[in-house]
$ cat upload11.pdb   # PDB, C-alpha atoms
ATOM      1  CA  MET Z 169     -10.402 -32.424 -44.952  1.00  0.00           C
ATOM      2  CA  GLN Z 170      -9.855 -29.775 -47.582  1.00  0.00           C
ATOM      3  CA  ARG Z 171      -6.999 -30.434 -49.986  1.00  0.00           C
ATOM      4  CA  MET Z 172      -4.396 -27.671 -49.908  1.00  0.00           C
ATOM      5  CA  LEU Z 173      -1.670 -26.980 -52.418  1.00  0.00           C
ATOM      6  CA  TYR Z 174       1.004 -24.342 -51.976  1.00  0.00           C
ATOM      7  CA  SER Z 175       3.514 -23.490 -54.643  1.00  0.00           C
ATOM      8  CA  LEU Z 176       6.739 -21.798 -53.590  1.00  0.00           C
ATOM      9  CA  THR Z 177       8.402 -19.833 -56.328  1.00  0.00           C
ATOM     10  CA  PRO Z 178      12.152 -19.644 -56.970  1.00  0.00           C
ATOM     11  CA  PHE Z 179      12.098 -16.462 -54.885  1.00  0.00           C
ATOM     12  CA  HIS Z 180      12.528 -18.752 -51.845  1.00  0.00           C
ATOM     13  CA  ARG Z 181      15.599 -20.310 -53.522  1.00  0.00           C
ATOM     14  CA  LEU Z 182      14.948 -23.630 -51.823  1.00  0.00           C
ATOM     15  CA  ARG Z 183      16.880 -26.785 -52.646  1.00  0.00           C
ATOM     16  CA  ARG Z 184      16.428 -30.267 -51.287  1.00  0.00           C
ATOM     17  CA  PRO Z 185      18.739 -29.855 -48.246  1.00  0.00           C
ATOM     18  CA  SER Z 186      16.953 -26.688 -47.127  1.00  0.00           C
ATOM     19  CA  VAL Z 187      13.379 -27.495 -48.076  1.00  0.00           C
ATOM     20  CA  LEU Z 188      12.292 -27.600 -44.414  1.00  0.00           C
ATOM     21  CA  GLY Z 189      12.426 -23.837 -44.439  1.00  0.00           C
ATOM     22  CA  ALA Z 190       9.384 -23.856 -46.667  1.00  0.00           C
ATOM     23  CA  VAL Z 191       7.110 -25.010 -43.883  1.00  0.00           C
ATOM     24  CA  MET Z 192       7.311 -21.560 -42.353  1.00  0.00           C
ATOM     25  CA  ALA Z 193       4.828 -20.529 -45.047  1.00  0.00           C
ATOM     26  CA  PHE Z 194       2.551 -23.554 -44.606  1.00  0.00           C
ATOM     27  CA  PRO Z 195      -0.346 -23.785 -42.074  1.00  0.00           C
ATOM     28  CA  LEU Z 196       0.726 -26.948 -40.258  1.00  0.00           C
ATOM     29  CA  CYS Z 197      -1.820 -26.600 -37.516  1.00  0.00           C
ATOM     30  CA  ALA Z 198      -4.611 -26.978 -40.066  1.00  0.00           C
ATOM     31  CA  ILE Z 199      -3.310 -30.013 -41.918  1.00  0.00           C
ATOM     32  CA  GLY Z 200      -1.081 -32.136 -39.743  1.00  0.00           C
ATOM     33  CA  GLN Z 201       1.092 -33.631 -42.478  1.00  0.00           C
ATOM     34  CA  VAL Z 202       3.061 -32.077 -45.344  1.00  0.00           C
ATOM     35  CA  TYR Z 203       3.963 -33.679 -48.677  1.00  0.00           C
ATOM     36  CA  VAL Z 204       6.428 -32.017 -50.997  1.00  0.00           C
ATOM     37  CA  SER Z 205       7.337 -32.230 -54.672  1.00  0.00           C
ATOM     38  CA  GLU Z 206      10.828 -32.651 -56.011  1.00  0.00           C
ATOM     39  CA  ALA Z 207      12.397 -29.289 -56.732  1.00  0.00           C
ATOM     40  CA  SER Z 208      12.036 -28.242 -60.343  1.00  0.00           C
ATOM     41  CA  ALA Z 209      14.869 -26.976 -62.471  1.00  0.00           C
ATOM     42  CA  SER Z 210      13.869 -23.443 -61.508  1.00  0.00           C
ATOM     43  CA  GLY Z 211      13.971 -24.300 -57.831  1.00  0.00           C
ATOM     44  CA  ALA Z 212      10.205 -24.042 -57.242  1.00  0.00           C
ATOM     45  CA  ILE Z 213       8.488 -26.666 -55.074  1.00  0.00           C
ATOM     46  CA  VAL Z 214       4.896 -27.604 -54.227  1.00  0.00           C
ATOM     47  CA  LEU Z 215       3.601 -28.379 -50.726  1.00  0.00           C
ATOM     48  CA  SER Z 216       0.359 -30.245 -49.998  1.00  0.00           C
ATOM     49  CA  ASN Z 217      -1.488 -31.886 -47.142  1.00  0.00           C
ATOM     50  CA  PHE Z 218      -2.231 -34.916 -49.382  1.00  0.00           C
ATOM     51  CA  GLN Z 219       0.104 -37.305 -51.136  1.00  0.00           C
ATOM     52  CA  SER Z 220      -0.194 -37.289 -54.919  1.00  0.00           C
ATOM     53  CA  ASP Z 221       1.873 -37.752 -58.057  1.00  0.00           C
ATOM     54  CA  GLN Z 222       2.649 -34.053 -57.846  1.00  0.00           C
ATOM     55  CA  THR Z 223       3.678 -34.206 -54.170  1.00  0.00           C
ATOM     56  CA  PRO Z 224       4.938 -37.755 -53.486  1.00  0.00           C
ATOM     57  CA  VAL Z 225       7.432 -37.144 -50.662  1.00  0.00           C
ATOM     58  CA  LEU Z 226       6.347 -36.967 -47.006  1.00  0.00           C
ATOM     59  CA  LEU Z 227       8.121 -33.985 -45.518  1.00  0.00           C
ATOM     60  CA  LEU Z 228       6.501 -33.821 -42.078  1.00  0.00           C
ATOM     61  CA  ALA Z 229       4.326 -36.376 -40.329  1.00  0.00           C
ATOM     62  CA  PRO Z 230       1.242 -35.271 -38.371  1.00  0.00           C
ATOM     63  CA  VAL Z 231       2.092 -33.655 -35.063  1.00  0.00           C
ATOM     64  CA  ILE Z 232       0.047 -34.854 -32.127  1.00  0.00           C
ATOM     65  CA  GLU Z 233      -0.037 -32.134 -29.521  1.00  0.00           C
ATOM     66  CA  PRO Z 234      -0.769 -32.808 -25.840  1.00  0.00           C
ATOM     67  CA  PRO Z 235      -4.058 -31.460 -24.524  1.00  0.00           C
ATOM     68  CA  SER Z 236      -3.734 -27.742 -23.962  1.00  0.00           C
ATOM     69  CA  ALA Z 237      -3.714 -26.540 -20.400  1.00  0.00           C
ATOM     70  CA  LYS Z 238      -6.793 -24.773 -19.125  1.00  0.00           C
ATOM     71  CA  PRO Z 239      -6.355 -21.032 -18.716  1.00  0.00           C
ATOM     72  CA  MET Z 240      -5.425 -20.043 -15.216  1.00  0.00           C
ATOM     73  CA  ALA Z 241      -8.272 -18.550 -13.283  1.00  0.00           C
ATOM     74  CA  SER Z 242      -7.510 -15.197 -11.728  1.00  0.00           C
ATOM     75  CA  LEU Z 243      -9.956 -14.364  -8.968  1.00  0.00           C
ATOM     76  CA  GLY Z 244     -13.047 -15.997 -10.405  1.00  0.00           C
ATOM     77  CA  THR Z 245     -15.209 -18.630  -8.780  1.00  0.00           C
ATOM     78  CA  SER Z 246     -13.175 -21.585 -10.042  1.00  0.00           C
ATOM     79  CA  SER Z 247      -9.736 -22.860  -9.203  1.00  0.00           C
ATOM     80  CA  VAL Z 248      -7.062 -24.179 -11.534  1.00  0.00           C
ATOM     81  CA  HIS Z 249      -7.072 -27.349  -9.439  1.00  0.00           C
ATOM     82  CA  ALA Z 250      -9.948 -29.804  -9.665  1.00  0.00           C
ATOM     83  CA  MET Z 251     -12.285 -29.230  -6.732  1.00  0.00           C
ATOM     84  CA  PRO Z 252     -13.879 -32.109  -4.853  1.00  0.00           C
ATOM     85  CA  ALA Z 253     -17.552 -32.686  -5.583  1.00  0.00           C
ATOM     86  CA  ARG Z 254     -18.601 -31.118  -2.291  1.00  0.00           C
ATOM     87  CA  ALA Z 255     -17.160 -27.795  -3.450  1.00  0.00           C
ATOM     88  CA  ALA Z 256     -19.942 -27.439  -6.008  1.00  0.00           C
ATOM     89  CA  LYS Z 257     -22.547 -27.760  -3.261  1.00  0.00           C
ATOM     90  CA  LEU Z 258     -20.808 -25.059  -1.239  1.00  0.00           C
ATOM     91  CA  ARG Z 259     -20.397 -22.620  -4.116  1.00  0.00           C
ATOM     92  CA  PRO Z 260     -23.688 -20.693  -3.645  1.00  0.00           C
ATOM     93  CA  MET Z 261     -22.907 -20.195   0.045  1.00  0.00           C
ATOM     94  CA  ILE Z 262     -19.304 -19.160  -0.672  1.00  0.00           C
ATOM     95  CA  ASP Z 263     -20.442 -16.735  -3.368  1.00  0.00           C
ATOM     96  CA  GLY Z 264     -22.939 -15.208  -0.927  1.00  0.00           C
ATOM     97  CA  VAL Z 265     -20.273 -14.741   1.749  1.00  0.00           C
ATOM     98  CA  ALA Z 266     -17.865 -13.298  -0.789  1.00  0.00           C
ATOM     99  CA  ASN Z 267     -20.452 -10.740  -1.828  1.00  0.00           C
ATOM    100  CA  SER Z 268     -21.212  -9.761   1.761  1.00  0.00           C
ATOM    101  CA  VAL Z 269     -17.589  -9.219   2.773  1.00  0.00           C
ATOM    102  CA  LYS Z 270     -16.522  -7.769  -0.604  1.00  0.00           C
ATOM    103  CA  LEU Z 271     -13.958 -10.442  -1.486  1.00  0.00           C
ATOM    104  CA  ALA Z 272     -13.497 -12.343  -4.743  1.00  0.00           C
ATOM    105  CA  PRO Z 273     -15.073 -15.818  -4.488  1.00  0.00           C
ATOM    106  CA  GLY Z 274     -11.976 -17.327  -6.103  1.00  0.00           C
ATOM    107  CA  LEU Z 275      -9.802 -16.076  -3.264  1.00  0.00           C
ATOM    108  CA  ILE Z 276     -12.036 -17.680  -0.654  1.00  0.00           C
ATOM    109  CA  ASN Z 277     -12.085 -20.906  -2.660  1.00  0.00           C
ATOM    110  CA  ALA Z 278      -8.301 -20.871  -2.954  1.00  0.00           C
ATOM    111  CA  VAL Z 279      -7.924 -20.522   0.824  1.00  0.00           C
ATOM    112  CA  ILE Z 280     -10.505 -23.212   1.574  1.00  0.00           C
ATOM    113  CA  SER Z 281      -8.795 -25.568  -0.861  1.00  0.00           C
ATOM    114  CA  ALA Z 282      -5.447 -25.031   0.851  1.00  0.00           C
ATOM    115  CA  GLU Z 283      -6.830 -25.115   4.376  1.00  0.00           C
ATOM    116  CA  SER Z 284      -9.272 -28.034   4.420  1.00  0.00           C
ATOM    117  CA  ASN Z 285      -9.883 -29.232   0.846  1.00  0.00           C
ATOM    118  CA  TYR Z 286     -13.563 -28.446   1.487  1.00  0.00           C
ATOM    119  CA  ASP Z 287     -13.864 -30.730   4.525  1.00  0.00           C
ATOM    120  CA  ALA Z 288     -16.178 -28.886   6.921  1.00  0.00           C
ATOM    121  CA  ARG Z 289     -15.311 -31.333   9.736  1.00  0.00           C
ATOM    122  CA  ALA Z 290     -11.545 -30.950   9.432  1.00  0.00           C
ATOM    123  CA  VAL Z 291      -9.627 -30.285  12.653  1.00  0.00           C
ATOM    124  CA  SER Z 292      -5.889 -29.649  12.623  1.00  0.00           C
ATOM    125  CA  PRO Z 293      -3.455 -30.849  15.312  1.00  0.00           C
ATOM    126  CA  ARG Z 294      -3.272 -27.223  16.487  1.00  0.00           C
ATOM    127  CA  GLY Z 295      -7.029 -26.968  16.909  1.00  0.00           C
ATOM    128  CA  ALA Z 296      -7.962 -25.106  13.708  1.00  0.00           C
ATOM    129  CA  ILE Z 297     -11.502 -25.992  12.710  1.00  0.00           C
ATOM    130  CA  GLY Z 298     -13.622 -26.340   9.621  1.00  0.00           C
ATOM    131  CA  LEU Z 299     -13.517 -25.152   6.041  1.00  0.00           C
ATOM    132  CA  MET Z 300     -11.271 -22.154   6.628  1.00  0.00           C
ATOM    133  CA  GLN Z 301      -9.492 -23.726   9.613  1.00  0.00           C
ATOM    134  CA  LEU Z 302     -10.453 -21.123  12.172  1.00  0.00           C
ATOM    135  CA  MET Z 303      -8.504 -20.985  15.386  1.00  0.00           C
ATOM    136  CA  PRO Z 304     -10.845 -20.612  18.387  1.00  0.00           C
ATOM    137  CA  ALA Z 305      -9.566 -17.094  19.079  1.00  0.00           C
ATOM    138  CA  THR Z 306     -10.234 -16.039  15.480  1.00  0.00           C
ATOM    139  CA  ALA Z 307     -13.701 -17.561  15.544  1.00  0.00           C
ATOM    140  CA  LYS Z 308     -14.474 -15.637  18.741  1.00  0.00           C
ATOM    141  CA  ARG Z 309     -12.966 -12.450  17.295  1.00  0.00           C
ATOM    142  CA  PHE Z 310     -15.498 -12.526  14.459  1.00  0.00           C
ATOM    143  CA  GLY Z 311     -18.479 -13.652  16.494  1.00  0.00           C
ATOM    144  CA  VAL Z 312     -18.587 -17.349  15.657  1.00  0.00           C
ATOM    145  CA  THR Z 313     -19.666 -19.672  18.453  1.00  0.00           C
ATOM    146  CA  ASN Z 314     -19.711 -22.892  16.425  1.00  0.00           C
ATOM    147  CA  PRO Z 315     -17.012 -22.973  13.718  1.00  0.00           C
ATOM    148  CA  PHE Z 316     -18.378 -26.284  12.381  1.00  0.00           C
ATOM    149  CA  VAL Z 317     -21.350 -24.369  10.927  1.00  0.00           C
ATOM    150  CA  GLU Z 318     -20.214 -23.997   7.342  1.00  0.00           C
ATOM    151  CA  ARG Z 319     -21.485 -20.500   6.606  1.00  0.00           C
ATOM    152  CA  ASP Z 320     -20.346 -19.117   9.949  1.00  0.00           C
ATOM    153  CA  ASN Z 321     -16.909 -20.631   9.437  1.00  0.00           C
ATOM    154  CA  VAL Z 322     -16.516 -19.198   5.944  1.00  0.00           C
ATOM    155  CA  TYR Z 323     -17.923 -15.822   6.975  1.00  0.00           C
ATOM    156  CA  ALA Z 324     -15.451 -15.485   9.858  1.00  0.00           C
ATOM    157  CA  GLY Z 325     -12.521 -16.703   7.777  1.00  0.00           C
ATOM    158  CA  ALA Z 326     -13.383 -14.409   4.874  1.00  0.00           C
ATOM    159  CA  SER Z 327     -13.895 -11.475   7.244  1.00  0.00           C
ATOM    160  CA  TYR Z 328     -10.475 -12.074   8.770  1.00  0.00           C
ATOM    161  CA  LEU Z 329      -8.912 -12.320   5.327  1.00  0.00           C
ATOM    162  CA  LYS Z 330     -10.599  -9.060   4.285  1.00  0.00           C
ATOM    163  CA  TRP Z 331      -9.332  -7.408   7.478  1.00  0.00           C
ATOM    164  CA  LEU Z 332      -5.808  -8.618   6.720  1.00  0.00           C
ATOM    165  CA  LEU Z 333      -5.964  -7.280   3.161  1.00  0.00           C
ATOM    166  CA  ASP Z 334      -6.982  -3.872   4.496  1.00  0.00           C
ATOM    167  CA  PHE Z 335      -4.344  -4.009   7.226  1.00  0.00           C
ATOM    168  CA  PHE Z 336      -1.576  -4.835   4.746  1.00  0.00           C
ATOM    169  CA  GLU Z 337      -2.845  -2.277   2.227  1.00  0.00           C
ATOM    170  CA  GLY Z 338      -3.951  -4.789  -0.385  1.00  0.00           C
ATOM    171  CA  ASP Z 339      -0.797  -6.930  -0.355  1.00  0.00           C
ATOM    172  CA  LEU Z 340      -2.292 -10.371  -0.933  1.00  0.00           C
ATOM    173  CA  GLU Z 341       0.817 -12.378  -0.069  1.00  0.00           C
ATOM    174  CA  LEU Z 342       1.215 -10.592   3.269  1.00  0.00           C
ATOM    175  CA  ALA Z 343      -2.483 -11.093   3.980  1.00  0.00           C
ATOM    176  CA  LEU Z 344      -2.155 -14.807   3.300  1.00  0.00           C
ATOM    177  CA  ALA Z 345       0.961 -15.010   5.476  1.00  0.00           C
ATOM    178  CA  GLY Z 346      -1.005 -13.284   8.221  1.00  0.00           C
ATOM    179  CA  TYR Z 347      -3.872 -15.718   7.810  1.00  0.00           C
ATOM    180  CA  ASN Z 348      -1.481 -18.621   8.317  1.00  0.00           C
ATOM    181  CA  ALA Z 349       0.882 -17.251  10.946  1.00  0.00           C
ATOM    182  CA  GLY Z 350      -0.993 -14.280  12.388  1.00  0.00           C
ATOM    183  CA  GLU Z 351      -0.576 -10.622  11.530  1.00  0.00           C
ATOM    184  CA  GLN Z 352       1.846 -10.063  14.385  1.00  0.00           C
ATOM    185  CA  ALA Z 353       4.282 -12.597  12.913  1.00  0.00           C
ATOM    186  CA  VAL Z 354       4.241 -10.659   9.641  1.00  0.00           C
ATOM    187  CA  MET Z 355       4.846  -7.395  11.475  1.00  0.00           C
ATOM    188  CA  LYS Z 356       7.746  -8.880  13.452  1.00  0.00           C
ATOM    189  CA  ALA Z 357       9.266 -10.027  10.153  1.00  0.00           C
ATOM    190  CA  GLY Z 358       9.318  -6.401   8.985  1.00  0.00           C
ATOM    191  CA  ARG Z 359       6.041  -6.608   7.050  1.00  0.00           C
ATOM    192  CA  LYS Z 360       7.409  -9.521   5.073  1.00  0.00           C
ATOM    193  CA  ILE Z 361       6.445 -13.160   4.822  1.00  0.00           C
ATOM    194  CA  PRO Z 362       7.962 -14.778   7.934  1.00  0.00           C
ATOM    195  CA  GLN Z 363      10.783 -17.247   7.425  1.00  0.00           C
ATOM    196  CA  TYR Z 364       8.563 -20.145   8.485  1.00  0.00           C
ATOM    197  CA  PRO Z 365       8.677 -22.985   5.940  1.00  0.00           C
ATOM    198  CA  GLU Z 366       5.012 -23.760   6.599  1.00  0.00           C
ATOM    199  CA  THR Z 367       3.907 -20.170   6.023  1.00  0.00           C
ATOM    200  CA  GLN Z 368       6.014 -19.723   2.905  1.00  0.00           C
ATOM    201  CA  ALA Z 369       4.678 -22.985   1.455  1.00  0.00           C
ATOM    202  CA  TYR Z 370       1.138 -21.950   2.358  1.00  0.00           C
ATOM    203  CA  VAL Z 371       1.405 -18.631   0.539  1.00  0.00           C
ATOM    204  CA  ARG Z 372       2.794 -20.355  -2.534  1.00  0.00           C
ATOM    205  CA  ARG Z 373       0.023 -22.932  -2.461  1.00  0.00           C
ATOM    206  CA  VAL Z 374      -2.807 -20.418  -2.255  1.00  0.00           C
ATOM    207  CA  MET Z 375      -1.264 -18.235  -4.938  1.00  0.00           C
ATOM    208  CA  ALA Z 376      -0.957 -21.326  -7.151  1.00  0.00           C
ATOM    209  CA  ASN Z 377      -4.642 -22.068  -6.551  1.00  0.00           C
ATOM    210  CA  LEU Z 378      -5.409 -18.618  -7.890  1.00  0.00           C
TER     211      LEU Z 378
END

$ encode --input "upload11.pdb" --output "C-alpha cells"
Amino acid sequence: MQRMLYSLTPFHRLRRPSVLGAVMAFPLCAIGQVYVSEASASGAIVLSNFQSDQTPVLLLAPVIEPPSAKPMASLGTSSVHAMPARAAKLRPMIDGVANSVKLAPGLINAVISAESNYDARAVSPRGAIGLMQLMPATAKRFGVTNPFVERDNVYAGASYLKWLLDFFEGDLELALAGYNAGEQAVMKAGRKIPQYPETQAYVRRVMANL
C-alpha cells in the first residue's frame, strides 16, 4: 500500500478536540486507517495511513464495509433475486419469446419468478398451470392446448401480458394486476389495482423482481 502523508495548515485552525474534522480532507476509502500527529504550536497537523514517529496517534481504525448491493436490474434479462439453476436453461427460450411478442425478457422473468419460481410442472390450487401459471381459459384464449409445454406456456403468458399492457396503455402495475386478477377486476376497481391482498402483494412482488 502506498504511504500517504497529508499536512493540514493552520488555515484549518484545528486543535486536539476538533481534529476529527480533518478527515473530511483525507481519502479514507483508499487507506482504511488514519494516524495523526500532535498539533504543532501553529496548529498544523499531519495525517497519514501509516504509523510513524511523525504520526504516532491512531485517529480512525480501518472501516470494514459490508458487501455492496448489486445494482437493481431494470428490464434486462436478469433479476435482482437469485434465480434457480433451471432458469439459466430456460433463458434462451424466454429471450426468444420476449423478442417475438415485443416484451422485455426481464419482465417475463419477473413474472415467472413470482408465478412458479421456474417450475414448469407447477399447478396451483385454482388450476393455474406451468411457468406462467396459465388458467385454462387463458391458455385457450391464446391457442395453447398443452400449457405444460414450456415454450407454449411462456408464449401464451407473455402474449397475455403484452395484451394487458396495451389495454392499460402501458401502465405496468395495472397490467400485472390484470394478469393476477383478470382485466375485468381492474376495470371494476376503476382502473386501479383491486383491493385484493393477493393481487396487491403480487404486484409488489413482481415490481420488486424488476

$ resolve_selection --input "upload11.pdb" --expression "the PyMOL selection byres ((chain Z and resi 304) around 12)" --output "list in words"
Val291, Ser292, Arg294, Gly295, Ala296, Ile297, Gly298, Met300, Gln301, Leu302, Met303, Ala305, Thr306, Ala307, Lys308, Arg309, Phe310, Gly311, Val312, Thr313, Asn314, Pro315, Phe316, Asn321, Ala324 and Gly325 of chain Z

$ atom_distance --input "upload11.pdb" --atom1 "atom CA of Z:Gln352" --atom2 "atom CA of Z:Asp334"
14.6 Å

$ closest_residue --input "upload11.pdb" --among "Z:Val279, Z:Lys360, Z:Ala288, Z:Leu342" --to "Z:Asp320" --atoms "all atoms listed in the file"
Z:Ala288

$ residues_around --input "upload11.pdb" --residues "Z:Phe335" --least-positions-apart "6" --cutoff "12 Å" --atoms "only C-alpha atoms" --output "PyMOL selection string"
chain Z and resi 328-329+342-344+346-347+350-352+354-355+359

$ residues_around --input "upload11.pdb" --residues "Z:Leu258" --least-positions-apart "3" --cutoff "12 Å" --atoms "all atoms listed in the file" --output "MDAnalysis selection string"
chainID Z and resid 245 251:255 261:265 273 276:277 280 285:288 299 318:319 322
